[in-house]
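Working notes, structure below.
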Amino acid sequence: MFKVYVLYNPNHHKIYIGYTSDLPNRMESHNIYSKKGYTVKYRPWEILFTEVYDSKKEAIIREKQLNSAKGREYIWEVVYEKYKL
């Protein structure tokens with residue numbers, strides 16, 4: 001099983017989209033252990049939502065969809081609804 005996840009940082013108003021087979025470990029990486037990269041700059045991250053897929057291929061396809069302009073538009077709608085912005 002693979003999860004596509006969307007992270008949000010309300011302090012910096014930033015999103016991050018990824019996929020993994022181990023979300024708890026990946027969250028620790030994003031919020032604690034990583035030393036460089038995009039997610040380090042905007043800690044701490046909150047999980048906005050996740051989607052579960054049976055295969056890595058399906059998860060990669062969905063991650064690419066969410067990273068598209070339409071996908072990001074959808075994500076920002078979720079952010080505005082959830083955080084009442």
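Residue numbers start at 1 in each chain; chains themselves are named A, B, ... in the order of the structure tokens; ligands are numbered from 1 in the order shown.
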As a ChimeraX atom specification, please: every residue in chain A that a backbone DSSP assignment puts in alpha helix (DSSP H). /A:23-28,38-41,56-67,69-83
Which residues come within 8 Å of stretch 60-71 of chain A, counting only C-alpha atoms, excluding same-chain residues fewer than 2 positions away, as a short mmCIF file (atom, residue, chain, number, x, y, z; two decimals) with N, CA and C atoms, in the first residue's frame?
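Result went into selection-v8.cif, see below:
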```cif
data_model
loop_
_atom_site.label_atom_id
_atom_site.label_comp_id
_atom_site.auth_asym_id
_atom_site.auth_seq_id
_atom_site.Cartn_x
_atom_site.Cartn_y
_atom_site.Cartn_z
N VAL A 4 -0.55 8.73 -0.97
CA VAL A 4 -0.24 10.06 -1.49
C VAL A 4 -0.67 11.00 -0.38
N ILE A 17 3.43 17.99 -1.60
CA ILE A 17 2.75 16.80 -2.08
C ILE A 17 3.78 15.69 -2.26
N GLY A 18 3.48 14.50 -1.75
CA GLY A 18 4.40 13.39 -1.89
C GLY A 18 3.68 12.06 -1.82
N TYR A 19 4.45 10.98 -1.91
CA TYR A 19 3.90 9.63 -1.73
C TYR A 19 4.91 8.81 -0.94
N LYS A 56 2.58 1.39 -6.27
CA LYS A 56 3.44 2.56 -6.35
C LYS A 56 3.13 3.36 -7.62
N LYS A 57 2.88 2.67 -8.71
CA LYS A 57 2.58 3.32 -9.98
C LYS A 57 1.34 4.21 -9.87
N GLU A 58 0.28 3.69 -9.24
CA GLU A 58 -0.93 4.49 -9.05
C GLU A 58 -0.65 5.73 -8.19
N GLU A 73 -4.83 23.68 -7.48
CA GLU A 73 -6.05 24.47 -7.29
C GLU A 73 -7.00 23.72 -6.34
N TYR A 74 -7.17 22.42 -6.57
CA TYR A 74 -8.00 21.59 -5.71
C TYR A 74 -7.45 21.59 -4.28
N ILE A 75 -6.15 21.43 -4.13
CA ILE A 75 -5.55 21.40 -2.79
C ILE A 75 -5.79 22.72 -2.06
#
```
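Summary of the local environment: counting only C-alpha atoms, residues at most 7 Å from A:Ser21, other than itself and those fewer than 5 positions away along its chain, are Met1, Phe2 and Lys3 of chain A.
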Gap from atom CA of A:Glu28 to atom CA of A:Leu7 - Å, one decimal: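 Result for atom CA of A:Glu28 versus atom CA of A:Leu7: 12.6 Å, one decimal.
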Mind checking DSSP for chain A and telling me the strand (DSSP E or B) residues as a compact mmCIF listing (two decimals) with all heavy atoms, in the first residue's frame?
```
# COMPACT_ATOMS: atom_id res chain seq x y z
N PHE A 2 0.43 2.21 -0.77
CA PHE A 2 1.14 3.49 -0.86
C PHE A 2 0.16 4.61 -0.57
O PHE A 2 -1.01 4.52 -0.93
CB PHE A 2 1.75 3.67 -2.24
CG PHE A 2 2.91 2.76 -2.49
CD1 PHE A 2 2.71 1.46 -2.92
CD2 PHE A 2 4.20 3.19 -2.25
CE1 PHE A 2 3.78 0.61 -3.13
CE2 PHE A 2 5.28 2.35 -2.46
CZ PHE A 2 5.06 1.05 -2.89
N LYS A 3 0.65 5.64 0.08
CA LYS A 3 -0.18 6.80 0.39
C LYS A 3 0.36 8.01 -0.35
O LYS A 3 1.56 8.28 -0.32
CB LYS A 3 -0.20 7.09 1.88
CG LYS A 3 -0.98 6.07 2.66
CD LYS A 3 -1.13 6.49 4.10
CE LYS A 3 -1.94 5.43 4.82
NZ LYS A 3 -2.05 5.72 6.24
N VAL A 4 -0.55 8.73 -0.97
CA VAL A 4 -0.24 10.06 -1.49
C VAL A 4 -0.67 11.00 -0.38
O VAL A 4 -1.77 10.86 0.18
CB VAL A 4 -1.01 10.35 -2.79
CG1 VAL A 4 -0.80 11.78 -3.24
CG2 VAL A 4 -0.58 9.37 -3.88
N TYR A 5 0.19 11.92 -0.03
CA TYR A 5 -0.13 12.81 1.08
C TYR A 5 0.11 14.26 0.69
O TYR A 5 0.94 14.57 -0.15
CB TYR A 5 0.69 12.45 2.33
CG TYR A 5 2.18 12.55 2.13
CD1 TYR A 5 2.87 13.71 2.46
CD2 TYR A 5 2.91 11.48 1.61
CE1 TYR A 5 4.24 13.81 2.27
CE2 TYR A 5 4.27 11.56 1.43
CZ TYR A 5 4.93 12.73 1.76
OH TYR A 5 6.29 12.83 1.57
N VAL A 6 -0.67 15.11 1.33
CA VAL A 6 -0.51 16.55 1.13
C VAL A 6 -0.27 17.15 2.51
O VAL A 6 -1.05 16.92 3.44
CB VAL A 6 -1.75 17.18 0.47
CG1 VAL A 6 -1.57 18.68 0.33
CG2 VAL A 6 -2.00 16.53 -0.89
N LEU A 7 0.82 17.89 2.61
CA LEU A 7 1.17 18.56 3.86
C LEU A 7 0.90 20.05 3.72
O LEU A 7 0.97 20.60 2.63
CB LEU A 7 2.65 18.36 4.18
CG LEU A 7 3.15 16.92 4.23
CD1 LEU A 7 4.64 16.91 4.57
CD2 LEU A 7 2.37 16.10 5.23
N TYR A 8 0.60 20.67 4.86
CA TYR A 8 0.35 22.11 4.87
C TYR A 8 1.01 22.71 6.10
O TYR A 8 1.01 22.12 7.17
CB TYR A 8 -1.16 22.38 4.90
CG TYR A 8 -1.50 23.85 4.97
CD1 TYR A 8 -1.19 24.71 3.92
CD2 TYR A 8 -2.15 24.37 6.07
CE1 TYR A 8 -1.51 26.05 3.98
CE2 TYR A 8 -2.49 25.71 6.14
CZ TYR A 8 -2.16 26.55 5.09
OH TYR A 8 -2.48 27.88 5.14
N ASN A 9 1.59 23.89 5.91
CA ASN A 9 2.12 24.65 7.04
C ASN A 9 1.34 25.96 7.10
O ASN A 9 1.50 26.83 6.25
CB ASN A 9 3.61 24.94 6.87
CG ASN A 9 4.15 25.72 8.04
OD1 ASN A 9 3.65 26.79 8.36
ND2 ASN A 9 5.15 25.19 8.69
N LYS A 14 2.23 27.19 3.06
CA LYS A 14 2.89 26.39 2.04
C LYS A 14 2.30 24.99 2.03
O LYS A 14 1.84 24.48 3.06
CB LYS A 14 4.40 26.27 2.32
CG LYS A 14 5.14 27.57 2.31
CD LYS A 14 5.27 28.11 0.91
CE LYS A 14 6.10 29.38 0.89
NZ LYS A 14 6.22 29.94 -0.43
N ILE A 15 2.33 24.35 0.85
CA ILE A 15 1.89 22.97 0.72
C ILE A 15 3.03 22.12 0.17
O ILE A 15 3.97 22.65 -0.44
CB ILE A 15 0.66 22.81 -0.19
CG1 ILE A 15 0.94 23.33 -1.61
CG2 ILE A 15 -0.57 23.47 0.42
CD1 ILE A 15 -0.15 23.04 -2.62
N TYR A 16 2.93 20.82 0.42
CA TYR A 16 3.89 19.86 -0.12
C TYR A 16 3.13 18.59 -0.46
O TYR A 16 2.28 18.14 0.32
CB TYR A 16 4.99 19.54 0.90
CG TYR A 16 5.97 18.52 0.40
CD1 TYR A 16 7.02 18.90 -0.44
CD2 TYR A 16 5.84 17.17 0.72
CE1 TYR A 16 7.92 17.96 -0.93
CE2 TYR A 16 6.73 16.23 0.23
CZ TYR A 16 7.76 16.63 -0.59
OH TYR A 16 8.65 15.70 -1.08
N ILE A 17 3.43 17.99 -1.60
CA ILE A 17 2.75 16.80 -2.08
C ILE A 17 3.78 15.69 -2.26
O ILE A 17 4.84 15.92 -2.86
CB ILE A 17 2.04 17.08 -3.42
CG1 ILE A 17 1.09 18.25 -3.28
CG2 ILE A 17 1.32 15.83 -3.92
CD1 ILE A 17 0.80 18.97 -4.56
N GLY A 18 3.48 14.50 -1.75
CA GLY A 18 4.40 13.39 -1.89
C GLY A 18 3.68 12.06 -1.82
O GLY A 18 2.46 12.00 -1.69
N TYR A 19 4.45 10.98 -1.91
CA TYR A 19 3.90 9.63 -1.73
C TYR A 19 4.91 8.81 -0.94
O TYR A 19 6.11 9.08 -0.95
CB TYR A 19 3.56 8.98 -3.07
CG TYR A 19 4.76 8.49 -3.84
CD1 TYR A 19 5.21 7.18 -3.70
CD2 TYR A 19 5.45 9.33 -4.69
CE1 TYR A 19 6.33 6.74 -4.38
CE2 TYR A 19 6.56 8.90 -5.38
CZ TYR A 19 6.99 7.60 -5.23
OH TYR A 19 8.11 7.16 -5.91
N THR A 20 4.40 7.79 -0.27
CA THR A 20 5.25 6.93 0.56
C THR A 20 4.53 5.64 0.89
O THR A 20 3.29 5.57 0.78
CB THR A 20 5.63 7.64 1.88
OG1 THR A 20 6.54 6.83 2.60
CG2 THR A 20 4.42 7.95 2.73
N GLU A 46 1.77 19.80 8.78
CA GLU A 46 0.57 19.07 9.21
C GLU A 46 0.06 18.30 8.00
O GLU A 46 0.16 18.77 6.87
CB GLU A 46 -0.52 20.05 9.66
CG GLU A 46 -0.13 20.92 10.82
CD GLU A 46 -1.19 21.99 11.13
OE1 GLU A 46 -2.27 22.00 10.49
OE2 GLU A 46 -0.93 22.80 12.01
N ILE A 47 -0.52 17.12 8.25
CA ILE A 47 -1.12 16.37 7.15
C ILE A 47 -2.47 16.99 6.82
O ILE A 47 -3.35 17.07 7.68
CB ILE A 47 -1.29 14.89 7.53
CG1 ILE A 47 0.07 14.25 7.78
CG2 ILE A 47 -2.04 14.14 6.42
CD1 ILE A 47 0.01 12.84 8.32
N LEU A 48 -2.61 17.46 5.60
CA LEU A 48 -3.87 18.03 5.14
C LEU A 48 -4.83 16.91 4.75
O LEU A 48 -5.97 16.88 5.18
CB LEU A 48 -3.63 18.96 3.95
CG LEU A 48 -4.84 19.69 3.40
CD1 LEU A 48 -5.43 20.63 4.44
CD2 LEU A 48 -4.45 20.45 2.14
N PHE A 49 -4.36 15.96 3.93
CA PHE A 49 -5.13 14.77 3.61
C PHE A 49 -4.23 13.71 2.99
O PHE A 49 -3.12 14.00 2.54
CB PHE A 49 -6.34 15.06 2.72
CG PHE A 49 -6.03 15.50 1.31
CD1 PHE A 49 -5.82 14.57 0.30
CD2 PHE A 49 -5.96 16.85 0.99
CE1 PHE A 49 -5.56 14.97 -1.00
CE2 PHE A 49 -5.70 17.26 -0.30
CZ PHE A 49 -5.50 16.31 -1.30
N THR A 50 -4.74 12.47 2.99
CA THR A 50 -4.02 11.35 2.38
C THR A 50 -4.99 10.57 1.50
O THR A 50 -6.21 10.61 1.70
CB THR A 50 -3.43 10.38 3.43
OG1 THR A 50 -4.49 9.81 4.18
CG2 THR A 50 -2.46 11.08 4.35
N GLU A 51 -4.43 9.85 0.55
CA GLU A 51 -5.18 8.93 -0.31
C GLU A 51 -4.37 7.64 -0.39
O GLU A 51 -3.15 7.69 -0.50
CB GLU A 51 -5.37 9.51 -1.70
CG GLU A 51 -6.17 10.81 -1.72
CD GLU A 51 -6.23 11.45 -3.09
OE1 GLU A 51 -5.54 11.00 -4.02
OE2 GLU A 51 -6.98 12.43 -3.23
N VAL A 52 -5.03 6.48 -0.36
CA VAL A 52 -4.36 5.20 -0.34
C VAL A 52 -4.49 4.52 -1.72
O VAL A 52 -5.57 4.51 -2.31
CB VAL A 52 -4.96 4.28 0.75
CG1 VAL A 52 -4.29 2.91 0.74
CG2 VAL A 52 -4.84 4.93 2.11
N TYR A 53 -3.38 3.95 -2.18
CA TYR A 53 -3.33 3.25 -3.47
C TYR A 53 -2.65 1.90 -3.29
O TYR A 53 -1.77 1.74 -2.45
CB TYR A 53 -2.59 4.09 -4.51
CG TYR A 53 -3.35 5.36 -4.81
CD1 TYR A 53 -3.10 6.52 -4.10
CD2 TYR A 53 -4.35 5.36 -5.76
CE1 TYR A 53 -3.84 7.67 -4.34
CE2 TYR A 53 -5.09 6.52 -6.01
CZ TYR A 53 -4.83 7.66 -5.30
OH TYR A 53 -5.57 8.79 -5.53
```
Expressed in Å, the length from atom CA of A:Trp76 to atom CA of A:Pro24 is 23.5 Å
